[in-house]
Structure formats: structure tokens, C-alpha cells
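Asks: work26.txt is reproduced in full below (compact mmCIF, C-alpha atoms and all ligand atoms).
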```
# COMPACT_ATOMS: atom_id res chain seq x y z
CA MET A 1 0.00 0.00 0.00
CA ASP A 2 2.97 2.29 0.53
CA ARG A 3 4.51 1.71 -2.89
CA PHE A 4 4.11 5.38 -3.74
CA CYS A 5 3.43 8.62 -1.89
CA GLY A 6 0.06 10.27 -2.24
CA SER A 7 -3.25 8.93 -3.48
CA ALA A 8 -3.60 6.26 -6.12
CA SER A 9 -4.88 7.75 -9.33
CA LEU A 10 -7.09 4.69 -9.88
CA MET A 11 -7.94 1.76 -7.64
CA ILE A 12 -9.49 -1.24 -9.38
CA VAL A 13 -11.26 -3.67 -7.09
CA SER A 14 -12.09 -6.74 -9.11
CA ASP A 15 -13.59 -10.13 -8.54
CA LEU A 16 -11.60 -12.98 -10.13
CA ASP A 17 -13.74 -15.84 -11.46
CA PHE A 18 -15.64 -14.77 -14.56
CA THR A 19 -14.72 -11.11 -13.95
CA MET A 20 -10.93 -10.80 -14.22
CA VAL A 21 -10.59 -14.40 -15.40
CA ASP A 22 -12.68 -15.77 -18.26
CA HIS A 23 -12.76 -19.52 -17.72
CA LEU A 24 -14.30 -19.95 -21.18
CA ASP A 25 -11.26 -18.40 -22.87
CA PRO A 26 -8.37 -20.91 -22.89
CA ASP A 27 -6.03 -18.31 -24.43
CA ASN A 28 -6.82 -15.72 -21.73
CA LEU A 29 -6.87 -12.98 -24.33
CA SER A 30 -8.94 -10.46 -22.39
CA LEU A 31 -6.85 -10.97 -19.26
CA LEU A 32 -3.63 -10.45 -21.23
CA ARG A 33 -5.08 -7.26 -22.76
CA PHE A 34 -5.86 -5.98 -19.28
CA ASN A 35 -2.43 -6.99 -17.95
CA ALA A 36 -0.60 -5.06 -20.67
CA LEU A 37 -2.80 -1.98 -20.14
CA TRP A 38 -2.28 -2.06 -16.38
CA GLU A 39 1.48 -2.54 -16.48
CA ALA A 40 2.03 0.05 -19.22
CA TYR A 41 -0.01 2.88 -17.74
CA TYR A 42 -1.30 2.17 -14.23
CA ARG A 43 1.09 0.05 -12.18
CA GLN A 44 3.31 2.99 -11.22
CA ASN A 45 0.62 5.13 -9.59
CA SER A 46 -2.50 3.00 -9.16
CA LEU A 47 -3.71 0.12 -7.01
CA LEU A 48 -4.93 -3.28 -8.10
CA VAL A 49 -7.14 -5.13 -5.63
CA PHE A 50 -8.51 -8.64 -6.17
CA SER A 51 -11.63 -9.42 -4.18
CA SER A 52 -12.59 -13.06 -4.46
CA GLY A 53 -14.71 -15.71 -2.81
CA ARG A 54 -11.70 -18.03 -3.07
CA SER A 55 -9.64 -19.00 -0.05
CA PRO A 56 -5.88 -18.35 -0.20
CA THR A 57 -5.36 -22.04 -1.13
CA ILE A 58 -7.50 -22.04 -4.25
CA TYR A 59 -6.45 -18.48 -5.13
CA LYS A 60 -2.88 -19.78 -5.39
CA GLN A 61 -4.11 -22.61 -7.64
CA LEU A 62 -5.72 -20.05 -9.95
CA LYS A 63 -2.48 -18.03 -10.00
CA ASN A 64 -0.64 -21.12 -11.22
CA GLU A 65 -3.16 -21.73 -13.97
CA LYS A 66 -3.84 -18.23 -15.29
CA PRO A 67 -1.65 -15.22 -16.17
CA LEU A 68 -2.78 -13.17 -13.18
CA LEU A 69 -0.88 -10.05 -12.16
CA THR A 70 0.27 -9.59 -8.58
CA PRO A 71 -2.26 -7.31 -6.88
CA ASP A 72 -1.43 -4.71 -4.24
CA ILE A 73 -4.18 -5.99 -1.98
CA THR A 74 -5.89 -9.37 -1.97
CA ILE A 75 -9.29 -9.71 -0.34
CA MET A 76 -10.07 -13.40 0.03
CA SER A 77 -12.89 -15.64 1.22
CA VAL A 78 -15.75 -13.21 0.42
CA GLY A 79 -14.26 -10.22 2.23
CA THR A 80 -13.26 -12.03 5.41
CA GLU A 81 -9.48 -11.94 4.85
CA ILE A 82 -7.46 -8.90 3.71
CA MET A 83 -3.82 -9.26 2.70
CA TYR A 84 -1.22 -6.77 1.53
CA GLY A 85 1.52 -6.90 -1.06
CA GLU A 86 3.33 -9.75 -2.71
CA SER A 87 4.02 -11.37 0.65
CA MET A 88 0.27 -11.29 1.42
CA ALA A 89 0.67 -9.91 4.94
CA ARG A 90 -2.62 -10.43 6.82
CA ASP A 91 -4.65 -7.58 8.27
CA ASP A 92 -5.17 -8.91 11.79
CA ASP A 93 -7.18 -5.84 12.87
CA TRP A 94 -9.78 -6.67 10.23
CA GLU A 95 -10.11 -10.24 11.47
CA LYS A 96 -10.44 -9.09 15.09
CA TYR A 97 -13.16 -6.67 14.03
CA LEU A 98 -15.07 -9.58 12.46
CA ASN A 99 -15.27 -11.47 15.76
CA HIS A 100 -18.18 -9.28 16.86
CA ARG A 101 -21.21 -11.55 17.48
CA TRP A 102 -19.63 -14.37 15.50
CA ASN A 103 -19.15 -17.91 16.67
CA ARG A 104 -18.07 -20.52 14.15
CA GLU A 105 -19.10 -23.51 16.31
CA ILE A 106 -22.66 -22.26 16.61
CA VAL A 107 -22.84 -21.77 12.83
CA THR A 108 -21.66 -25.34 12.13
CA GLU A 109 -24.02 -26.70 14.79
CA GLU A 110 -27.07 -24.94 13.30
CA THR A 111 -26.24 -25.58 9.65
CA ALA A 112 -25.94 -29.32 10.39
CA LYS A 113 -29.73 -29.26 10.82
CA PHE A 114 -30.18 -28.57 7.09
CA PRO A 115 -29.73 -31.67 4.91
CA GLU A 116 -30.14 -29.41 1.83
CA LEU A 117 -26.70 -27.92 2.54
CA THR A 118 -23.64 -29.73 1.15
CA PRO A 119 -20.39 -28.50 2.70
CA GLN A 120 -17.78 -27.07 0.34
CA ALA A 121 -14.18 -28.34 0.40
CA GLU A 122 -12.27 -28.09 3.69
CA THR A 123 -9.94 -25.41 2.21
CA GLU A 124 -12.97 -23.13 1.74
CA GLN A 125 -14.05 -23.31 5.39
CA ARG A 126 -12.34 -20.29 6.92
CA PRO A 127 -12.25 -18.68 10.38
CA HIS A 128 -14.97 -16.19 9.37
CA LYS A 129 -16.68 -18.09 6.56
CA VAL A 130 -18.67 -21.30 6.53
CA SER A 131 -19.53 -22.44 3.00
CA PHE A 132 -21.98 -24.81 1.36
CA PHE A 133 -23.61 -25.70 -1.92
CA VAL A 134 -27.37 -25.57 -2.19
CA GLU A 135 -29.84 -25.99 -5.03
CA LYS A 136 -31.41 -22.79 -6.30
CA ILE A 137 -35.01 -23.83 -5.56
CA LYS A 138 -34.18 -24.47 -1.90
CA ALA A 139 -31.86 -21.50 -1.37
CA LEU A 140 -34.37 -18.80 -0.39
CA GLU A 141 -36.14 -20.95 2.16
CA VAL A 142 -32.88 -22.15 3.74
CA ILE A 143 -31.47 -18.61 3.94
CA GLY A 144 -34.59 -17.35 5.75
CA ALA A 145 -34.77 -20.20 8.26
CA LEU A 146 -31.05 -20.24 8.93
CA THR A 147 -30.77 -16.49 9.49
CA GLU A 148 -33.59 -16.68 12.03
CA LEU A 149 -32.01 -19.60 13.91
CA LEU A 150 -28.60 -17.94 14.09
CA GLU A 151 -30.12 -14.66 15.28
CA LYS A 152 -31.91 -16.53 18.04
CA ARG A 153 -28.53 -17.91 19.13
CA GLY A 154 -27.19 -14.36 19.47
CA LEU A 155 -25.16 -14.16 16.27
CA ASP A 156 -25.15 -11.35 13.75
CA VAL A 157 -24.55 -12.97 10.37
CA LYS A 158 -24.85 -12.39 6.67
CA VAL A 159 -25.85 -15.17 4.28
CA ILE A 160 -24.70 -14.69 0.68
CA TYR A 161 -25.84 -16.71 -2.31
CA SER A 162 -23.67 -16.66 -5.46
CA ASN A 163 -23.31 -18.33 -8.83
CA VAL A 164 -26.67 -20.08 -8.35
CA THR A 165 -24.98 -22.65 -6.15
CA ALA A 166 -22.70 -21.29 -3.37
CA LEU A 167 -24.00 -20.29 0.03
CA ASP A 168 -21.64 -18.50 2.42
CA ILE A 169 -22.30 -17.58 6.03
CA LEU A 170 -20.15 -14.70 7.30
CA PRO A 171 -20.16 -12.25 10.21
CA LYS A 172 -22.49 -9.31 9.46
CA ARG A 173 -19.45 -7.01 9.43
CA ALA A 174 -17.75 -9.03 6.65
CA GLY A 175 -18.32 -9.22 2.90
CA LYS A 176 -16.68 -7.74 -0.15
CA GLY A 177 -18.41 -4.37 0.29
CA GLN A 178 -17.55 -4.03 3.97
CA ALA A 179 -13.93 -4.98 3.29
CA LEU A 180 -13.72 -2.27 0.63
CA ALA A 181 -15.35 0.29 2.95
CA TYR A 182 -12.77 -0.64 5.61
CA LEU A 183 -9.90 -0.13 3.14
CA LEU A 184 -11.27 3.23 1.98
CA LYS A 185 -11.54 4.34 5.61
CA LYS A 186 -7.93 3.30 6.19
CA PHE A 187 -6.83 5.30 3.14
CA GLU A 188 -8.83 8.28 4.38
CA ALA A 189 -7.11 8.17 7.77
CA ASN A 190 -3.77 8.41 5.92
CA GLY A 191 -5.00 11.12 3.55
CA LYS A 192 -4.62 8.73 0.62
CA VAL A 193 -8.11 8.06 -0.72
CA PRO A 194 -7.74 6.96 -4.37
CA ILE A 195 -8.83 9.64 -6.84
CA ASN A 196 -11.08 7.11 -8.60
CA THR A 197 -12.22 3.64 -7.62
CA LEU A 198 -13.70 1.15 -10.07
CA VAL A 199 -15.36 -2.02 -8.77
CA CYS A 200 -15.87 -4.98 -11.10
CA GLY A 201 -17.97 -8.08 -10.64
CA ASP A 202 -20.22 -10.73 -12.11
CA SER A 203 -22.14 -12.47 -9.33
CA GLY A 204 -24.18 -12.17 -6.13
CA ASN A 205 -21.31 -11.79 -3.72
CA ASP A 206 -20.10 -8.78 -5.73
CA ALA A 207 -23.35 -6.81 -5.27
CA GLU A 208 -22.07 -5.19 -2.06
CA LEU A 209 -19.14 -3.67 -3.95
CA PHE A 210 -21.57 -1.66 -6.05
CA SER A 211 -23.31 -0.14 -3.04
CA ILE A 212 -20.20 1.63 -1.76
CA PRO A 213 -20.74 5.38 -2.27
CA GLU A 214 -18.66 7.30 -4.80
CA VAL A 215 -17.26 4.34 -6.68
CA TYR A 216 -17.64 3.53 -10.34
CA GLY A 217 -18.85 0.04 -11.09
CA VAL A 218 -18.90 -2.40 -13.98
CA MET A 219 -20.97 -5.53 -14.19
CA VAL A 220 -19.25 -7.49 -16.94
CA SER A 221 -21.43 -8.55 -19.91
CA ASN A 222 -21.53 -12.13 -18.65
CA ALA A 223 -22.81 -11.09 -15.18
CA GLN A 224 -25.14 -13.55 -13.44
CA GLU A 225 -28.86 -12.97 -13.20
CA GLU A 226 -28.67 -12.54 -9.39
CA LEU A 227 -26.36 -9.49 -9.75
CA LEU A 228 -28.37 -7.94 -12.59
CA GLN A 229 -31.55 -8.42 -10.55
CA TRP A 230 -29.92 -6.78 -7.51
CA HIS A 231 -28.93 -3.86 -9.74
CA VAL A 232 -32.47 -3.41 -11.07
CA GLU A 233 -33.86 -3.40 -7.52
CA ASN A 234 -31.20 -1.29 -5.82
CA ALA A 235 -29.05 0.80 -8.11
CA LYS A 236 -30.81 1.28 -11.44
CA SER A 237 -30.64 5.09 -11.27
CA ASN A 238 -26.91 5.17 -10.45
CA SER A 239 -25.21 6.32 -13.65
CA ASN A 240 -21.81 5.39 -12.20
CA ILE A 241 -22.62 1.71 -12.70
CA ILE A 242 -22.64 0.13 -16.14
CA HIS A 243 -23.42 -3.28 -17.54
CA ALA A 244 -20.59 -3.79 -20.04
CA THR A 245 -21.16 -5.26 -23.48
CA GLU A 246 -17.85 -7.10 -23.26
CA ARG A 247 -16.96 -10.14 -21.23
CA CYS A 248 -14.71 -10.29 -18.16
CA ALA A 249 -11.46 -8.26 -18.27
CA SER A 250 -12.45 -6.71 -21.61
CA GLY A 251 -15.53 -5.34 -19.82
CA ILE A 252 -13.21 -3.74 -17.24
CA ILE A 253 -11.20 -2.06 -20.02
CA GLN A 254 -14.49 -0.91 -21.54
CA ALA A 255 -15.50 0.68 -18.21
CA ILE A 256 -12.16 2.50 -17.89
CA GLY A 257 -12.99 4.09 -21.25
CA SER A 258 -16.68 4.80 -20.50
CA PHE A 259 -15.92 6.57 -17.22
CA ARG A 260 -12.79 8.25 -18.66
CA LEU A 261 -10.59 6.95 -15.85
CA GLY A 262 -7.37 6.97 -17.90
CA PRO A 263 -5.78 5.31 -20.93
CA ASN A 264 -7.95 2.49 -22.24
CA VAL A 265 -6.09 1.23 -25.29
CA SER A 266 -4.13 -1.82 -24.30
CA PRO A 267 -0.71 -2.10 -25.97
CA ARG A 268 -2.00 -5.52 -27.13
CA ASP A 269 -4.60 -3.72 -29.24
CA ILE A 270 -1.90 -1.91 -31.20
CA LYS A 271 -0.84 -4.18 -34.01
CA ASP A 272 2.07 -2.11 -35.30
CA PHE A 273 3.82 0.42 -33.06
CA GLN A 274 5.66 1.92 -36.01
CA LYS A 275 2.43 2.91 -37.69
CA CYS A 276 0.33 3.65 -34.63
CA ARG A 277 2.06 5.31 -31.73
CA ALA A 278 0.78 5.17 -28.18
CA GLU A 279 -0.68 8.33 -26.63
CA ILE A 280 1.64 8.06 -23.65
CA PHE A 281 5.03 6.45 -23.66
CA GLY A 282 7.52 5.90 -20.92
CA PRO A 283 9.86 3.20 -19.60
CA SER A 284 6.99 0.86 -18.61
CA HIS A 285 5.32 1.20 -21.97
CA GLU A 286 8.68 0.62 -23.68
CA VAL A 287 9.30 -2.78 -22.09
CA LEU A 288 5.68 -3.88 -22.74
CA LYS A 289 6.00 -2.84 -26.38
CA PHE A 290 9.32 -4.68 -26.80
CA TYR A 291 8.03 -7.96 -25.40
CA LEU A 292 4.82 -7.76 -27.41
CA PHE A 293 6.91 -7.41 -30.54
CA TYR A 294 9.09 -10.31 -29.38
CA GLU A 295 6.02 -12.54 -28.80
CA ARG A 296 4.61 -11.64 -32.22
CA TRP A 297 7.99 -12.23 -33.85
CA ARG A 298 8.26 -15.73 -32.41
CA ARG A 299 4.65 -16.44 -33.40
CA ALA A 300 5.24 -14.98 -36.89
CA GLU A 301 2.42 -12.51 -36.33
CA VAL A 302 4.58 -9.68 -37.65
CA GLU A 303 6.34 -9.69 -40.97
CA LYS A 304 9.99 -10.75 -41.07
CA SER A 305 11.01 -7.46 -42.62
CA ILE A 306 14.32 -5.61 -42.92
CA GLU A 307 12.55 -2.58 -41.45
CA TYR A 308 11.88 -4.37 -38.17
CA MET A 309 15.41 -5.72 -37.94
CA LYS A 310 16.74 -2.23 -38.58
CA SER A 311 14.68 -0.71 -35.80
CA LEU A 312 15.67 -3.55 -33.46
CA LYS A 313 19.31 -2.67 -34.08
CA LEU A 314 18.51 0.93 -33.17
CA VAL A 315 16.72 -0.08 -29.99
CA LEU A 316 19.42 -2.43 -28.64
CA PHE A 317 22.66 -0.58 -27.80
CA PRO A 318 25.43 -2.23 -29.86
CA LEU A 319 27.91 -2.28 -26.98
CA GLY A 320 25.32 -3.48 -24.48
CA THR A 321 25.52 -6.80 -22.65
CA PHE A 322 22.55 -8.96 -21.79
CA VAL A 323 23.00 -11.37 -18.93
CA HIS A 324 20.94 -14.46 -19.67
CA PRO A 325 19.25 -16.05 -16.61
CA SER A 326 21.72 -18.94 -16.90
CA GLY A 327 24.38 -16.37 -15.96
CA VAL A 328 25.97 -16.25 -19.43
CA GLU A 329 26.77 -12.80 -20.79
CA GLN A 330 25.61 -12.25 -24.35
CA PRO A 331 26.75 -9.41 -26.57
CA VAL A 332 23.85 -7.64 -28.26
CA ASP A 333 24.65 -8.76 -31.81
CA HIS A 334 24.42 -12.42 -30.66
CA CYS A 335 20.97 -11.71 -29.26
CA ILE A 336 19.85 -10.13 -32.52
CA GLU A 337 21.20 -13.08 -34.54
CA ALA A 338 19.46 -15.54 -32.23
CA MET A 339 16.23 -13.60 -32.50
CA THR A 340 16.43 -13.65 -36.30
CA ARG A 341 16.81 -17.44 -36.21
CA LEU A 342 13.85 -17.85 -33.87
CA TYR A 343 11.40 -16.08 -36.18
CA GLY A 344 8.18 -18.07 -36.31
CA ASP A 345 9.41 -20.96 -34.13
CA LYS A 346 6.22 -20.62 -32.04
CA GLN A 347 3.86 -20.18 -34.97
CA GLY A 348 0.56 -21.91 -34.33
CA LYS A 349 1.72 -22.97 -30.85
CA GLN A 350 0.67 -21.73 -27.47
CA TYR A 351 3.19 -19.02 -26.65
CA GLN A 352 2.43 -15.96 -24.57
CA ILE A 353 4.42 -13.37 -22.68
CA TRP A 354 3.25 -11.11 -19.90
CA LEU A 355 5.01 -8.73 -17.55
CA ASP A 356 4.15 -8.29 -13.90
CA GLN A 357 5.02 -5.54 -11.39
CA VAL A 358 6.79 -3.25 -13.83
CA SER A 359 8.49 -0.44 -11.93
CA SER A 360 10.96 2.16 -13.08
CA ALA A 361 13.26 4.68 -11.46
CA GLN A 362 15.05 7.52 -13.16
CA VAL A 363 18.73 7.04 -12.31
CA GLY A 364 20.25 9.76 -14.49
CA SER A 365 19.15 12.72 -16.60
CA ASP A 366 18.27 10.37 -19.47
CA THR A 367 18.50 6.89 -17.95
CA TRP A 368 15.98 4.65 -16.29
CA LEU A 369 16.28 1.38 -14.44
CA VAL A 370 13.22 -0.76 -15.12
CA LYS A 371 12.45 -3.84 -13.07
CA PHE A 372 9.74 -6.43 -13.72
CA TYR A 373 8.89 -10.10 -13.76
CA LYS A 374 8.81 -11.48 -17.28
CA TRP A 375 6.62 -14.55 -17.70
CA GLU A 376 6.70 -16.83 -20.69
CA LEU A 377 4.17 -19.55 -21.35
CA SER A 378 5.23 -22.09 -23.94
CA GLY A 379 2.89 -25.04 -24.35
CA GLU A 380 2.45 -26.51 -20.89
CA GLU A 381 5.54 -24.83 -19.42
CA ARG A 382 5.66 -21.52 -17.59
CA HIS A 383 8.89 -19.76 -16.69
CA CYS A 384 9.60 -16.45 -15.05
CA CYS A 385 12.61 -14.18 -14.69
CA LEU A 386 13.17 -11.16 -12.54
CA THR A 387 14.41 -8.74 -15.17
CA ARG A 388 16.33 -5.48 -14.83
CA VAL A 389 16.88 -3.24 -17.84
CA LEU A 390 18.80 -0.01 -18.16
CA LEU A 391 17.11 2.28 -20.68
CA SER A 392 18.36 5.49 -22.20
CA SER A 393 16.04 8.08 -23.69
CA LYS A 394 18.85 9.46 -25.90
CA SER A 395 17.43 7.39 -28.67
CA GLU A 396 17.43 7.46 -32.43
CA VAL A 397 14.02 5.81 -32.30
CA PRO A 398 11.25 8.42 -32.16
CA ASP A 399 9.24 8.21 -28.89
CA GLY A 400 11.55 5.42 -27.83
CA PHE A 401 14.43 4.26 -25.72
CA THR A 402 17.73 2.46 -26.20
CA TRP A 403 18.22 -0.75 -24.23
CA MET A 404 21.67 -0.42 -22.70
CA HIS A 405 21.89 -3.50 -20.48
CA MET A 406 19.70 -6.31 -19.28
CA HIS A 407 20.09 -8.76 -16.44
CA GLN A 408 17.76 -11.69 -15.80
CA THR A 409 17.50 -14.11 -12.89
CA TRP A 410 15.18 -17.12 -12.74
CA LEU A 411 12.42 -16.73 -10.21
CA ASP A 412 12.79 -19.41 -7.48
CA GLY A 413 11.63 -22.74 -8.83
CA SER A 414 10.85 -21.29 -12.23
CA ALA A 415 14.00 -22.29 -14.14
CA PRO A 416 13.40 -24.82 -16.91
CA LYS A 417 14.79 -28.33 -16.38
CA GLU A 418 16.20 -28.51 -19.89
CA LEU A 419 17.67 -26.00 -22.30
CA THR A 420 15.02 -23.75 -23.75
CA THR A 421 14.77 -21.04 -26.35
CA TRP A 422 14.50 -18.35 -23.67
CA LEU A 423 16.35 -15.43 -25.17
CA PHE A 424 15.37 -12.27 -23.28
MG MG A 501 -17.15 -14.15 -10.00
```
For this file, produce the structure as C-alpha cells.
Replies:
Amino acid sequence: MDRFCGSASLMIVSDLDFTMVDHLDPDNLSLLRFNALWEAYYRQNSLLVFSSGRSPTIYKQLKNEKPLLTPDITIMSVGTEIMYGESMARDDDWEKYLNHRWNREIVTEETAKFPELTPQAETEQRPHKVSFFVEKIKALEVIGALTELLEKRGLDVKVIYSNVTALDILPKRAGKGQALAYLLKKFEANGKVPINTLVCGDSGNDAELFSIPEVYGVMVSNAQEELLQWHVENAKSNSNIIHATERCASGIIQAIGSFRLGPNVSPRDIKDFQKCRAEIFGPSHEVLKFYLFYERWRRAEVEKSIEYMKSLKLVLFPLGTFVHPSGVEQPVDHCIEAMTRLYGDKQGKQYQIWLDQVSSAQVGSDTWLVKFYKWELSGEERHCCLTRVLLSSKSEVPDGFTWMHMHQTWLDGSAPKELTTWLF
């Protein structure tokens, strides 16, 4: 949360399943579009918050399956657990606050009286969340009876029904909306309320996010009936909430544009940077642009033209040295030769690159040190390198930079077992 001084220019609070992540899209195209947009223009001065019904265990599973960025804040288990940063440091004050009129044993005792309720996996049973599956036709009746029973036993609970199947029992003070309200209050106390906040969701447990005052909201095009119904009944006149026409992460990008919250053209939407320049360029945009070109080169999605090779020679400083993650130093002309050879070697294959946590610092009047995690997915294999690049703006490339040096280190456990065609 203290990555930068002052207020975040935008805070995105997004659900994961079927909002940030489209499980019907095996190529994750909308997520990769969002990732490139976020890292190019927002990472440096904005906050990314994931708010999911998942427990930390199954959130980590999703992270291993999908190209998810590292958020600044992770709200897990339907707003009952708040964690900060890459290390996911827990907010213990939040969990203490949730103890008010909550008793897990009483909840399990009372719910056992309902044969209609099927417990969810053990990993999803959390200190402040007890979770079941229930059929839609029985849900309303169960919710009513259960709430009454638990109230009689002195508890103050909230029962949330999502995705036409999941039923969660939480302390009344918990939930995605309450967790966001708590965060906003914390920012206010530090004089750091984000300038704009955009909440994004698709199902019942996201409804609370949309009732927080002064936030923009997007219900993605594929939103569930239960959320759309909630919207009709509770927030129809609120012009700060839209129902996107695009699915999942593409719906989030659409909302950024509709509410004019900042740049909304993902670098992935620009097919040729030589013909169509970005509105804003900087060190973050530069590294995104380079790796997009590299991905397209390997996939033969750009032409193998002399023009491109010429501009590559202008971008990479001829006396520069690139330290491969294996530790071997490579002179720049070797890298360019290798890249020429690799043209199209991933054509028609699954091959995707995304960058995470791009940060840059100006270290001289015209030099920047850029640091990021570079991920490469090739078929079934995923590898990642912590990458540091020294960029100079004294460039012969218009609106561009010269890459002076690069140093890569395998992320723990991410090094390939055999030799690969990892070049940069
Ligand atoms: Mg969802």
C-alpha cells in the first residue's frame, strides 16, 4: 500500500472468477489485454485489488493456472481476509473486528440441521466463513430459516448466495463491500483516498461492492442474473454503474474508457507500433512494447522485414551486454542473430508473454532502471525471470528508448529443467 506517496490515481477492485478471469477463454486474451494496459499505464501510480470468494489455497491454484498479475491488496474468502503486497501480509485488525457476534461452532451446529446444505471443500471453510452448496429452488427458504435460527442464538450474520450454487455464512461485518469500505476508511485516515475507484464483478457476492458510495462500477457482460436483478432493484438510477457489453477483463477495459478513468487502449490492441504510436510512452510502456513485438515475432504474427530488424538494431545498444538467466553474458549482436533465427518458431503454438510488477526509477538525466517479472508460457511450461533493464532516452528511435543493459534471474523454482529457447 505504501509503494508510492500520495493517493492512487485509480484503484481497481475486481472479482476474479468470470470477472478478471474468463474460464471460457483458454487463451486468456482479455486478461492479457488488461495486464498489458495495467502494467504500461497504471502500475506505477494506481492500485490493483482482487476481491474473491476463493480462499488463499484455491487463489494460489488459480495463480498457477492463469496469467494473473500480482495485486497490491488481496481480499479473500468473500471479504473475510485482507492481505497486503506480494508477501500477502494479513490484516489482523480486520479479522479481530469480524469477531463481533460471530461464533463458528454455533454456525456449524445450526447448519448441520439442514440436509439441503452440502459442505464445500475443507480449504474453503475459513475462520470467518462457513460455505456450502445448495440448489437454487431451496436457497431462499434455507437462507430465511437459517438467518432466524442464528439470530436466536445471538449471532449477527450475513448469508450470501452466489453463482446459483454457493452459500456463504459470514459475520455481518464481513463481505466484499464491507472490506472495501474498511480499506477506503484506512486510506482516508492516511490522507490517501484513491482519486477514482472502479469495482468490477459478475455475481451475487459482488453486489455489495456496487453499493459503496462514490465508486464507479462495472458488471461485466456475462454477469449472473442474481447481480443484474440486484442492480435493477437497488441501483438502477446510479449512472456510475454500467453493464458492459464485453466479457470479463475486456468489460473492465471498456468501463475505464466509459468513465474516462485513464488510458484504455491496451498495448496488445496496437498491431504495429511503427504505424500507430501510443498516446503516452515511458519506460513501462517501452518494455511492454518490446516484449509484445518479441512474442509476435516468435509467433510470426509480424512480418519478417528488414525494417523491423533495422529498428531492433537501433533499440538495442550495440555495446550493451545482456546477462541471460543462466548467468551467461551475451553481446547484443548475438541476441539479434538468435532472435532472427527464432522467427516463427512458435507459430501456431501456445506461446504468450506477460510482464508483472513493472516499476521504473530515473537514475540519471536520461537513464531509467526498469524492473519487472517477465513470464513466458510455452505449451504446458511456464517460466519467469526477474528482469532489470537499463534504458536510455537518448534514442534514435522516435518516442523510444535504447536498451543499454539487461540482467535476468530465474524466479525461485521457475528455471526450466532442460535447455530452452528463452532469449530475453
Ligand atoms: Mg465471479
Asks: Restricting the calculation to all atoms listed in the file: of A:Asp206, A:Asp91, A:Glu148, A:Glu86, which residue gets closest to Gly53 of chain A?
Replies: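 Answer, going by the shortest atom-to-atom distance: A:Asp206.
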Asks: Residues within 8 Å of ligand MG 501 (chain A) (all atoms listed in the file), as a PyMOL selection string?
Replies: chain A and resi 15-19+52-53+163+201-203+205-206
Asks: Write out as JSON, numbers by chain the residues lying within 12 Å of Cys335 of chain A, counting all atoms listed in the file and excluding same-chain residues fewer than 3 positions away.
Replies: {"A": [294, 309, 312, 313, 316, 317, 318, 319, 320, 321, 322, 323, 324, 328, 329, 330, 331, 332, 338, 339, 340, 341, 342, 406, 421, 422, 423, 424]}
Asks: Could you tell me which of A:Val78, A:Ala244, A:Ala255, A:Val358 comes closest to Lys172 of chain A if we count all atoms listed in the file?
Replies: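 For Lys172 of chain A, the nearest of the candidates is A:Val78.
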Asks: How close does each residue of segment 255-367 of chain A get to segment 178-200 of chain A, giving the shortest atom pair and distance in Å to one decimal for every residue with an atom at most 12 Å away, counting all atoms listed in the file, sorted by chain and residue number, as a Markdown table?
Replies:
```
| residue | atom | partner | partner_atom | distance |
| --- | --- | --- | --- | --- |
| A:Ala255 | CA | A:Leu198 | CA | 8.3 |
| A:Ile256 | CA | A:Leu198 | CA | 8.1 |
| A:Gly257 | CA | A:Leu198 | CA | 11.6 |
| A:Ser258 | CA | A:Leu198 | CA | 11.4 |
| A:Phe259 | CA | A:Leu198 | CA | 9.2 |
| A:Arg260 | CA | A:Asn196 | CA | 10.3 |
| A:Leu261 | CA | A:Asn196 | CA | 7.3 |
| A:Gly262 | CA | A:Asn196 | CA | 10.0 |
```
Asks: Residues as selected, C-alpha atoms, written as a tab-separated table (two decimals), in the frame of the given file, can you do that?
Replies:
```tsv
chain	number	residue	atom	x	y	z
A	255	ALA	CA	-15.50	0.68	-18.21
A	256	ILE	CA	-12.16	2.50	-17.89
A	257	GLY	CA	-12.99	4.09	-21.25
A	258	SER	CA	-16.68	4.80	-20.50
A	259	PHE	CA	-15.92	6.57	-17.22
A	260	ARG	CA	-12.79	8.25	-18.66
A	261	LEU	CA	-10.59	6.95	-15.85
A	262	GLY	CA	-7.37	6.97	-17.90
```
Asks: Interatomic distance between atom CA of Ala139 of chain A and atom CA of Ser221 of chain A?
Replies: 24.9 Å
Asks: Could you give me, as an mmCIF file with C-alpha atoms, keeping the file's coordinate frame, the residues within 12 Å of Lys152 of chain A, counting only C-alpha atoms and dropping anything in the same chain fewer than 6 positions from it?
Replies:
```cif
data_model
loop_
_atom_site.group_PDB
_atom_site.id
_atom_site.type_symbol
_atom_site.label_atom_id
_atom_site.label_comp_id
_atom_site.auth_asym_id
_atom_site.auth_seq_id
_atom_site.Cartn_x
_atom_site.Cartn_y
_atom_site.Cartn_z
ATOM 1 C CA ARG A 101 -21.210 -11.550 17.480
ATOM 2 C CA ILE A 106 -22.660 -22.260 16.610
ATOM 3 C CA VAL A 107 -22.840 -21.770 12.830
ATOM 4 C CA GLU A 110 -27.070 -24.940 13.300
ATOM 5 C CA ALA A 145 -34.770 -20.200 8.260
ATOM 6 C CA LEU A 146 -31.050 -20.240 8.930
#
```
Asks: So that I can check the surroundings of Arg54 of chain A, please list as a list in words every protein, DNA and RNA residue that reaches within 6 Å of it, counting only C-alpha atoms and ignoring chain neighbours fewer than 5 positions away.
Replies: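 The residues that qualify are Tyr59, Met76 and Ser77 of chain A.
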Asks: If you measure from atom CA of Ile73 of chain A to atom CA of Ala361 of chain A, what distance in Å do you get, rounded to one decimal?
Replies: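 Straight-line distance from atom CA of Ile73 of chain A to atom CA of Ala361 of chain A works out to 22.5 Å.
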Asks: If I put a ball of radius 9 Å at (4.2, -20.6, -19.7) in the file's coordinates, which residues poke into it when counting only C-alpha atoms, written as a list in words?
Replies: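 Neighbouring residues, ordered by chain and number, come to Pro67, Gln350, Tyr351, Gln352, Ile353, Trp375, Glu376, Leu377, Ser378, Gly379, Glu380, Glu381, Arg382, His383 and Cys384 of chain A.
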Asks: Go ahead and write the residues just picked, C-alpha atoms, as a PDB file, in the coordinates of the input.
Replies:
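Output contents, as saved in out.pdb:
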```
ATOM      1  CA  PRO A  67      -1.650 -15.220 -16.170  1.00  0.00           C
ATOM      2  CA  GLN A 350       0.670 -21.730 -27.470  1.00  0.00           C
ATOM      3  CA  TYR A 351       3.190 -19.020 -26.650  1.00  0.00           C
ATOM      4  CA  GLN A 352       2.430 -15.960 -24.570  1.00  0.00           C
ATOM      5  CA  ILE A 353       4.420 -13.370 -22.680  1.00  0.00           C
ATOM      6  CA  TRP A 375       6.620 -14.550 -17.700  1.00  0.00           C
ATOM      7  CA  GLU A 376       6.700 -16.830 -20.690  1.00  0.00           C
ATOM      8  CA  LEU A 377       4.170 -19.550 -21.350  1.00  0.00           C
ATOM      9  CA  SER A 378       5.230 -22.090 -23.940  1.00  0.00           C
ATOM     10  CA  GLY A 379       2.890 -25.040 -24.350  1.00  0.00           C
ATOM     11  CA  GLU A 380       2.450 -26.510 -20.890  1.00  0.00           C
ATOM     12  CA  GLU A 381       5.540 -24.830 -19.420  1.00  0.00           C
ATOM     13  CA  ARG A 382       5.660 -21.520 -17.590  1.00  0.00           C
ATOM     14  CA  HIS A 383       8.890 -19.760 -16.690  1.00  0.00           C
ATOM     15  CA  CYS A 384       9.600 -16.450 -15.050  1.00  0.00           C
TER      16      CYS A 384
END
```
